[in-house]
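**Q** Would you mind keeping the following structure in view while I ask a few things?
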Amino acid sequence: MTYRVKRANRVLNRILKKTLGPYLVRRYRIEYIEGNMEALKPPFVVIGNHTNNWDPFILSHKISEPIHFVTSVEQFRSRFMRFVLGLAGCIPKTKAMSDASTVKSLFRVRNRGDVVGVFPEGMRCWDGKTEKILYPTAKVLKSLRVPVVSFRLNGAYLSHPRWALKSRKGKIQVNYGILFTPEQLKTLSVDEIYQRMCAGLSTNEYCWQEERMIPFVGKRLAERLERVLFLCPNCGGIGRLSSKDDTLTCQDCGETVRYNQYGYFEKENGEPRFKSVLEWNQWQLKELENMVRERMTNPEKPIFEDREVTLFTGQRYVAIRKLRRGTMRLYVDRLEFIGRDGQKAVFELSHMNGVSTHLSDWFDFYHEGKFHRAAFKNRHTSANKYFEAYDVIKRLESGKHQPEGE
């Protein structure tokens with residue numbers, strides 16, 4: 001199926017700007033700080049760091065023209081969502097894969113004089129620190145040769161972390177302005193464009209919060225933290241963390257921390273080992289790398305195993321269908337799925353691509369061109385640990401070592 005990007009509905013755009021936009025400004029106490037936006041006219045590109053589900057609407061509130069955002073193709077699987085996203089002029093893109101049809105759509109939107117919206121991380125951040133900016137974005141920006149407006153959001157992560165069940169009331173600060181002119185894109189190299197883009201979008205939510213200590217007030221503040229935190233720092237248990245209200249507890253050793261309204265951890269007695277989700281996640285990713293290295297010397301020992309997992313399959317723009325339920329195991333060279341009927345499906349990692357965590361609960365991947373999704377019955381399960389392990393395996397295989405502190 002071929003999808004042709006439609007021009008965004010201007011009536012819908014005006015309605016949202018007069019209704020949803022002001023609501024979000026009040027709800028999240030958004031402060032916009034404008035840079036050099038004088039005499040800007042379409043076509044141009046809008047880019048931003050991605051921390052919150054409302055990011056596209058937060059960016060759109062300050063751009064008079066409709067923005068045609070690049071959106072995950074997974075959102076286009078149902079007819080209803082294709083209709084809604086068509087009204088908004090969204091551009092489908094397969095996650096974690098090069099997509100020539102997306103690039104062609106970007107040029108079509110530019111050629112007809114419209115505005116394009118891109119989140120160069122390719123996904124929402126999990127721990128408050130900007131994810132790696134995708135290098136191909138710099139190549140596309142240079143080729144488009146239209147003005148580029150950047151938005152940098154702070155406070156949006158703490159207002160509703162990707163892992164969280166509930167949003168919180170605090171403050172969001174948005175700095176925006178022209179990052180590149182067409183003349184600059186023409187003269188700068190792709191590397192220079194990439195470096196400047198990274199500098200313009202990179203944020204650390206906890207560095208920003210330490211200077212302000214803004215309370216982010218809400219209910220059940222810690223619930224679903226185990227979507228991102230899967231390794232206990234006290235006993236080393238994997239997938240044994242369980243959240244309730246504002247606490248996170250290891251079911252094996254009983255280690256408990258409380259997530260407070262400033263976004264930091266505290267303990268009833270003593271100091272927590274990690275002050276923030278970011279610190280904890282950076283530690284567990286290093287531990288995960290050590291674990292993967294060990295498994296490479298013992299490849300028949302799984303890295304992760306989860307029961308009561310439902311496997312789905314489908315194709316691009318087609319609703320997925322259920323295959324079976326069973327146990328999923330990740331090894332250093334393959335992903336195995338053993339159904340309740342004993343039948344085994346093996347997915348070689350060397351034939352997998354498009355690996356991602358969709359929303360917060362599903363592990364998605366393509367194997368030999370076919371789409372698959374793993375959904376977990378236990379809502380305390382981290383789907384993202386499979387993505388992180390796959391990323392470590394591929395990085396170690398290619399000899400690329402993650403920089404210190406990343």
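Going by the structure tokens order, chains are called A, B, ..., each with residues numbered from 1, while ligands are numbered from 1 in the order shown.
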What are the DSSP alpha helix (DSSP H) residues of segment 367-398 of chain A, as a PyMOL selection string?
**A** chain A and resi 384-398
**Q** Restricting the output to N, CA and C atoms, write the selected residues as an mmCIF file, in the first residue's frame.
**A**
data_model
loop_
_atom_site.group_PDB
_atom_site.id
_atom_site.type_symbol
_atom_site.label_atom_id
_atom_site.label_comp_id
_atom_site.auth_asym_id
_atom_site.auth_seq_id
_atom_site.Cartn_x
_atom_site.Cartn_y
_atom_site.Cartn_z
ATOM 1 N N ASN A 384 11.338 -2.203 27.197
ATOM 2 C CA ASN A 384 12.497 -1.465 26.713
ATOM 3 C C ASN A 384 13.810 -2.176 26.982
ATOM 4 N N LYS A 385 13.844 -3.086 27.976
ATOM 5 C CA LYS A 385 15.106 -3.779 28.248
ATOM 6 C C LYS A 385 15.534 -4.630 27.054
ATOM 7 N N TYR A 386 14.575 -5.122 26.263
ATOM 8 C CA TYR A 386 14.905 -5.890 25.071
ATOM 9 C C TYR A 386 15.532 -4.984 24.007
ATOM 10 N N PHE A 387 14.978 -3.782 23.852
ATOM 11 C CA PHE A 387 15.558 -2.829 22.900
ATOM 12 C C PHE A 387 16.975 -2.447 23.316
ATOM 13 N N GLU A 388 17.166 -2.164 24.609
ATOM 14 C CA GLU A 388 18.484 -1.748 25.084
ATOM 15 C C GLU A 388 19.502 -2.875 24.906
ATOM 16 N N ALA A 389 19.095 -4.110 25.199
ATOM 17 C CA ALA A 389 20.019 -5.237 25.033
ATOM 18 C C ALA A 389 20.378 -5.437 23.563
ATOM 19 N N TYR A 390 19.390 -5.330 22.675
ATOM 20 C CA TYR A 390 19.649 -5.455 21.239
ATOM 21 C C TYR A 390 20.640 -4.376 20.799
ATOM 22 N N ASP A 391 20.441 -3.156 21.295
ATOM 23 C CA ASP A 391 21.324 -2.048 20.936
ATOM 24 C C ASP A 391 22.755 -2.321 21.403
ATOM 25 N N VAL A 392 22.917 -2.842 22.619
ATOM 26 C CA VAL A 392 24.251 -3.171 23.142
ATOM 27 C C VAL A 392 24.897 -4.256 22.301
ATOM 28 N N ILE A 393 24.137 -5.307 21.972
ATOM 29 C CA ILE A 393 24.674 -6.414 21.165
ATOM 30 C C ILE A 393 25.191 -5.900 19.830
ATOM 31 N N LYS A 394 24.393 -5.087 19.145
ATOM 32 C CA LYS A 394 24.789 -4.578 17.831
ATOM 33 C C LYS A 394 25.990 -3.654 17.936
ATOM 34 N N ARG A 395 26.048 -2.884 18.998
ATOM 35 C CA ARG A 395 27.179 -1.971 19.177
ATOM 36 C C ARG A 395 28.469 -2.747 19.444
ATOM 37 N N LEU A 396 28.376 -3.778 20.278
ATOM 38 C CA LEU A 396 29.568 -4.576 20.574
ATOM 39 C C LEU A 396 30.028 -5.356 19.344
ATOM 40 N N GLU A 397 29.067 -5.846 18.565
ATOM 41 C CA GLU A 397 29.424 -6.590 17.346
ATOM 42 C C GLU A 397 30.138 -5.707 16.336
ATOM 43 N N SER A 398 29.738 -4.430 16.293
ATOM 44 C CA SER A 398 30.343 -3.517 15.316
ATOM 45 C C SER A 398 31.595 -2.841 15.860
#
**Q** May I have all residues of segment 224-298 of chain A that DSSP, computed from the backbone, assigns to strand (DSSP E or B), given as a list of chain:residue names?
**A**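 Listing strand (DSSP E or B) positions across segment 224-298 of chain A yields A:Leu231, A:Ile238, A:Leu241, A:Ser242, A:Ser243, A:Lys244, A:Thr247, A:Leu248, A:Thr249, A:Cys250, A:Thr256, A:Val257, A:Arg258, A:Tyr259, A:Phe265, A:Glu266.
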**Q** Keeping N, CA and C atoms for every residue in the selection just given, could you write it to a file as a CSV table (one decimal), in the first residue's frame?
**A**
chain,number,residue,atom,x,y,z
A,231,LEU,N,16.7,-3.2,36.6
A,231,LEU,CA,17.7,-3.9,37.3
A,231,LEU,C,17.9,-3.3,38.7
A,238,ILE,N,16.8,-9.0,38.0
A,238,ILE,CA,16.3,-8.5,36.7
A,238,ILE,C,14.8,-8.6,36.6
A,241,LEU,N,11.6,-5.3,39.9
A,241,LEU,CA,11.1,-4.1,40.5
A,241,LEU,C,9.6,-3.9,40.3
A,242,SER,N,8.9,-3.4,41.3
A,242,SER,CA,7.5,-3.2,41.2
A,242,SER,C,7.1,-1.8,41.8
A,243,SER,N,6.3,-1.0,41.1
A,243,SER,CA,6.0,0.3,41.5
A,243,SER,C,4.5,0.3,42.1
A,244,LYS,N,4.3,1.2,43.0
A,244,LYS,CA,3.0,1.5,43.6
A,244,LYS,C,3.0,2.9,44.2
A,247,THR,N,6.3,4.8,45.3
A,247,THR,CA,7.4,4.0,45.6
A,247,THR,C,7.7,2.9,44.6
A,248,LEU,N,9.0,2.5,44.6
A,248,LEU,CA,9.5,1.5,43.7
A,248,LEU,C,10.3,0.5,44.6
A,249,THR,N,9.8,-0.8,44.5
A,249,THR,CA,10.3,-1.8,45.5
A,249,THR,C,10.8,-3.1,44.7
A,250,CYS,N,11.9,-3.6,45.1
A,250,CYS,CA,12.4,-4.9,44.6
A,250,CYS,C,11.7,-6.0,45.3
A,256,THR,N,13.6,-0.4,48.7
A,256,THR,CA,12.5,0.5,48.3
A,256,THR,C,13.0,2.0,48.3
A,257,VAL,N,12.6,2.7,47.2
A,257,VAL,CA,12.9,4.1,47.1
A,257,VAL,C,11.6,4.8,46.8
A,258,ARG,N,11.5,6.1,47.2
A,258,ARG,CA,10.4,6.9,46.9
A,258,ARG,C,10.7,8.0,45.9
A,259,TYR,N,9.8,8.2,44.9
A,259,TYR,CA,10.0,9.2,43.9
A,259,TYR,C,9.2,10.4,44.3
A,265,PHE,N,14.8,10.6,43.8
A,265,PHE,CA,14.6,9.5,44.7
A,265,PHE,C,15.0,9.8,46.1
A,266,GLU,N,14.3,9.3,47.1
A,266,GLU,CA,14.7,9.4,48.5
A,266,GLU,C,14.3,8.1,49.2
**Q** Need to verify the contact set: Arg224 of chain A, 12 Å, only C-alpha atoms, exclusion of same-chain residues closer than 2 positions in sequence. Can you return it as a VMD selection string?
**A** chain A and resid 126 160 to 166 220 to 222 226 to 230 241 to 249 259 360 to 361 378 to 383
**Q** Suppose we keep N, CA and C atoms; can you now write the selection as a tab-separated table (two decimals), in the first residue's frame?
**A**
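Generated file (part_5.tsv):
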chain	number	residue	atom	x	y	z
A	126	TRP	N	13.70	8.28	27.73
A	126	TRP	CA	13.21	7.50	28.87
A	126	TRP	C	13.64	8.08	30.21
A	160	HIS	N	5.47	14.71	32.36
A	160	HIS	CA	4.91	13.38	32.07
A	160	HIS	C	6.00	12.51	31.46
A	161	PRO	N	6.80	11.84	32.32
A	161	PRO	CA	7.85	10.95	31.80
A	161	PRO	C	7.25	9.86	30.91
A	162	ARG	N	8.04	9.39	29.98
A	162	ARG	CA	7.56	8.36	29.05
A	162	ARG	C	7.07	7.12	29.79
A	163	TRP	N	7.71	6.78	30.90
A	163	TRP	CA	7.37	5.58	31.64
A	163	TRP	C	6.13	5.75	32.53
A	164	ALA	N	5.73	6.99	32.78
A	164	ALA	CA	4.75	7.27	33.83
A	164	ALA	C	3.32	6.96	33.43
A	165	LEU	N	2.52	6.63	34.44
A	165	LEU	CA	1.11	6.37	34.24
A	165	LEU	C	0.31	7.67	34.24
A	166	LYS	N	0.75	8.64	35.06
A	166	LYS	CA	0.01	9.88	35.24
A	166	LYS	C	0.89	11.09	34.92
A	220	ARG	N	0.29	9.11	42.18
A	220	ARG	CA	0.94	7.86	41.76
A	220	ARG	C	2.20	8.16	40.95
A	221	LEU	N	3.07	8.97	41.53
A	221	LEU	CA	4.22	9.51	40.81
A	221	LEU	C	5.21	8.46	40.31
A	222	ALA	N	5.32	7.34	41.01
A	222	ALA	CA	6.32	6.34	40.62
A	222	ALA	C	5.76	5.22	39.77
A	226	GLU	N	9.15	0.82	36.46
A	226	GLU	CA	9.85	-0.38	36.02
A	226	GLU	C	9.82	-0.56	34.51
A	227	ARG	N	9.07	0.29	33.80
A	227	ARG	CA	9.16	0.29	32.34
A	227	ARG	C	10.56	0.68	31.88
A	228	VAL	N	11.22	1.54	32.67
A	228	VAL	CA	12.57	1.96	32.30
A	228	VAL	C	13.62	1.34	33.21
A	229	LEU	N	13.33	1.17	34.49
A	229	LEU	CA	14.29	0.62	35.44
A	229	LEU	C	13.99	-0.86	35.66
A	230	PHE	N	14.86	-1.73	35.16
A	230	PHE	CA	14.62	-3.17	35.21
A	230	PHE	C	15.65	-3.93	36.04
A	241	LEU	N	11.56	-5.34	39.95
A	241	LEU	CA	11.11	-4.07	40.52
A	241	LEU	C	9.62	-3.89	40.28
A	242	SER	N	8.94	-3.36	41.28
A	242	SER	CA	7.49	-3.17	41.19
A	242	SER	C	7.12	-1.82	41.80
A	243	SER	N	6.33	-1.05	41.08
A	243	SER	CA	5.96	0.30	41.54
A	243	SER	C	4.54	0.32	42.08
A	244	LYS	N	4.32	1.21	43.04
A	244	LYS	CA	2.99	1.47	43.57
A	244	LYS	C	2.97	2.86	44.16
A	245	ASP	N	1.98	3.66	43.73
A	245	ASP	CA	1.86	5.04	44.18
A	245	ASP	C	3.17	5.80	43.92
A	246	ASP	N	3.92	6.17	44.97
A	246	ASP	CA	5.15	6.93	44.74
A	246	ASP	C	6.40	6.13	45.13
A	247	THR	N	6.26	4.77	45.25
A	247	THR	CA	7.41	3.96	45.64
A	247	THR	C	7.75	2.91	44.58
A	248	LEU	N	9.03	2.52	44.58
A	248	LEU	CA	9.53	1.46	43.70
A	248	LEU	C	10.25	0.46	44.59
A	249	THR	N	9.83	-0.81	44.55
A	249	THR	CA	10.34	-1.84	45.46
A	249	THR	C	10.82	-3.06	44.69
A	259	TYR	N	9.83	8.15	44.92
A	259	TYR	CA	10.01	9.16	43.87
A	259	TYR	C	9.23	10.39	44.31
A	360	SER	N	5.10	2.68	25.39
A	360	SER	CA	5.88	2.32	26.57
A	360	SER	C	5.84	0.83	26.90
A	361	ASP	N	4.98	0.08	26.24
A	361	ASP	CA	4.70	-1.28	26.66
A	361	ASP	C	5.03	-2.38	25.66
A	378	ASN	N	2.07	-9.01	32.08
A	378	ASN	CA	2.45	-8.34	33.32
A	378	ASN	C	2.82	-6.89	33.04
A	379	ARG	N	2.01	-5.97	33.51
A	379	ARG	CA	2.22	-4.55	33.20
A	379	ARG	C	3.46	-3.97	33.88
A	380	HIS	N	4.08	-4.74	34.77
A	380	HIS	CA	5.32	-4.29	35.40
A	380	HIS	C	6.56	-4.68	34.59
A	381	THR	N	6.36	-5.34	33.46
A	381	THR	CA	7.47	-5.79	32.62
A	381	THR	C	8.04	-4.63	31.80
A	382	SER	N	9.36	-4.57	31.72
A	382	SER	CA	10.02	-3.57	30.88
A	382	SER	C	10.21	-4.12	29.47
A	383	ALA	N	9.45	-3.60	28.52
A	383	ALA	CA	9.68	-3.97	27.12
A	383	ALA	C	10.98	-3.35	26.62
**Q** Which residues, written as a list in words, have at least one atom at most 7 Å from segment 199-216 of chain A, with only C-alpha atoms counted and residues fewer than 3 positions away on the same chain left out?
**A**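 Everything that qualifies: Gly48, Asn49, Gly128, Lys129, Thr130, Arg152, Asn154, Gly155, Leu158, Ser159, Arg168, Lys169, Gly170, Gln195, Arg196, Gln261 and Tyr262 of chain A.
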**Q** If we count only C-alpha atoms, what is near segment 138-145 of chain A at a cut-off of 8 Å, once residues fewer than 5 positions away on the same chain are taken out, given as a list in words?
**A**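 Contacts, with the query itself left out: Val103, Phe107, Arg110, Thr181, Pro182, Glu183, Leu185, Lys186, Val190, Asp191, Ile193, Tyr194 and Met197 of chain A.
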**Q** Would you write out, as a tab-separated table, a table of all residues in segment 148-264 of chain A that have an atom no more than 7 Å from an atom of segment 21-42 of chain A, listing for each the closest atom pair and the distance in Å to one decimal, considering only C-alpha atoms and ordering rows by chain and rising residue number?
**A**
residue	atom	partner	partner_atom	distance
A:Lys169	CA	A:Tyr28	CA	5.7
A:Gly170	CA	A:Tyr28	CA	6.1
A:Lys171	CA	A:Arg29	CA	4.9
A:Ile172	CA	A:Ile30	CA	4.6
A:Gln173	CA	A:Glu31	CA	4.9
A:Val174	CA	A:Tyr32	CA	4.8
A:Asn175	CA	A:Ile33	CA	4.8
A:Tyr176	CA	A:Glu34	CA	5.3
A:Gly177	CA	A:Gly35	CA	4.2
A:Ile178	CA	A:Asn36	CA	5.8
**Q** Using only C-alpha atoms, determine which residues lie at most 8 Å from Ala8 of chain A, disregarding the query and same-chain residues fewer than 5 positions distant; provide the list as a PyMOL selection string.
**A** chain A and resi 13+66-68+86-90
**Q** Generate the output file for the selected residues, N, CA and C atoms, as a JSON list (two decimals), in the first residue's frame.
**A**
[["chain", "number", "residue", "atom", "x", "y", "z"],
["A", 13, "ASN", "N", -6.45, 22.97, 12.16],
["A", 13, "ASN", "CA", -5.27, 23.60, 12.75],
["A", 13, "ASN", "C", -5.65, 24.84, 13.56],
["A", 66, "PRO", "N", 0.20, 25.10, 9.65],
["A", 66, "PRO", "CA", 0.15, 23.69, 10.09],
["A", 66, "PRO", "C", 1.51, 23.03, 9.89],
["A", 67, "ILE", "N", 1.90, 22.21, 10.86],
["A", 67, "ILE", "CA", 3.16, 21.47, 10.77],
["A", 67, "ILE", "C", 2.87, 20.02, 10.38],
["A", 68, "HIS", "N", 3.53, 19.55, 9.35],
["A", 68, "HIS", "CA", 3.36, 18.17, 8.89],
["A", 68, "HIS", "C", 4.43, 17.32, 9.57],
["A", 86, "GLY", "N", -4.22, 11.84, 8.63],
["A", 86, "GLY", "CA", -4.31, 12.47, 7.31],
["A", 86, "GLY", "C", -4.79, 13.90, 7.41],
["A", 87, "LEU", "N", -5.77, 14.16, 8.30],
["A", 87, "LEU", "CA", -6.25, 15.53, 8.51],
["A", 87, "LEU", "C", -5.13, 16.43, 9.02],
["A", 88, "ALA", "N", -4.24, 15.83, 9.83],
["A", 88, "ALA", "CA", -3.13, 16.61, 10.39],
["A", 88, "ALA", "C", -1.93, 16.67, 9.44],
["A", 89, "GLY", "N", -2.00, 15.96, 8.31],
["A", 89, "GLY", "CA", -0.91, 16.00, 7.33],
["A", 89, "GLY", "C", 0.34, 15.27, 7.79],
["A", 90, "CYS", "N", 0.20, 14.26, 8.65],
["A", 90, "CYS", "CA", 1.36, 13.55, 9.19],
["A", 90, "CYS", "C", 2.05, 12.70, 8.13]]
**Q** Kindly give the distance, in Å, that separates atom CA of Phe57 of chain A and atom CA of Gly263 of chain A, rounded to a single decimal.
**A**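 One can read the atom CA of Phe57 of chain A to atom CA of Gly263 of chain A distance as 23.8 Å.
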**Q** Any idea what's packed within 10 Å of Pro299 of chain A, counting only C-alpha atoms, ignoring anything in its chain fewer than 5 positions away? Could you give it as a PyMOL selection string?
**A** chain A and resi 292-294+331-334
**Q** Go ahead and save the residues from that selection, with N, CA and C atoms, as a tab-separated table (two decimals), in the first residue's frame.
**A**
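Output (part.tsv):
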chain	number	residue	atom	x	y	z
A	292	VAL	N	25.91	-8.65	28.69
A	292	VAL	CA	25.95	-9.10	27.29
A	292	VAL	C	27.33	-9.66	26.96
A	293	ARG	N	28.37	-9.01	27.43
A	293	ARG	CA	29.73	-9.51	27.19
A	293	ARG	C	29.90	-10.91	27.77
A	294	GLU	N	29.36	-11.13	28.96
A	294	GLU	CA	29.45	-12.45	29.58
A	294	GLU	C	28.68	-13.48	28.78
A	331	TYR	N	18.67	-14.04	23.42
A	331	TYR	CA	20.05	-14.50	23.48
A	331	TYR	C	20.91	-13.49	22.72
A	332	VAL	N	22.21	-13.69	22.73
A	332	VAL	CA	23.10	-12.73	22.06
A	332	VAL	C	23.02	-12.82	20.55
A	333	ASP	N	22.43	-13.91	20.04
A	333	ASP	CA	22.35	-14.07	18.59
A	333	ASP	C	20.93	-14.26	18.05
A	334	ARG	N	19.94	-14.36	18.96
A	334	ARG	CA	18.58	-14.66	18.50
A	334	ARG	C	17.55	-14.29	19.57
**Q** Please measure the separation of atom CA of Lys62 of chain A and atom CA of Gly113 of chain A, giving the value in Å to one decimal.
**A**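 Result for atom CA of Lys62 of chain A versus atom CA of Gly113 of chain A: 18.3 Å, one decimal.
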**Q** Between A:Ser150, A:Thr327, A:Ser101, A:Thr94, which residue has the minimum interatomic distance to Ser60 of chain A, considering only C-alpha atoms?
**A** A:Ser150
**Q** Would you compute the distance between atom CA of Gln315 of chain A and atom CA of Gly342 of chain A? Give it in Å to one decimal.
**A**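 Interatomic distance, atom CA of Gln315 of chain A to atom CA of Gly342 of chain A: 25.5 Å.
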**Q** My list of candidates is A:Arg324, A:His358, A:Lys6, A:Lys93. Which is closest to Val118 of chain A when distances are computed with only C-alpha atoms?
**A**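 Result for the nearest residue to Val118 of chain A: A:Lys93.
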**Q** Which of these, A:Ile58, A:Leu311, A:Ala345, A:Tyr317, has the shortest distance to Trp362 of chain A once you count only C-alpha atoms?
**A**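 Looking at the shortest contact to Trp362 of chain A, the residue is A:Leu311.
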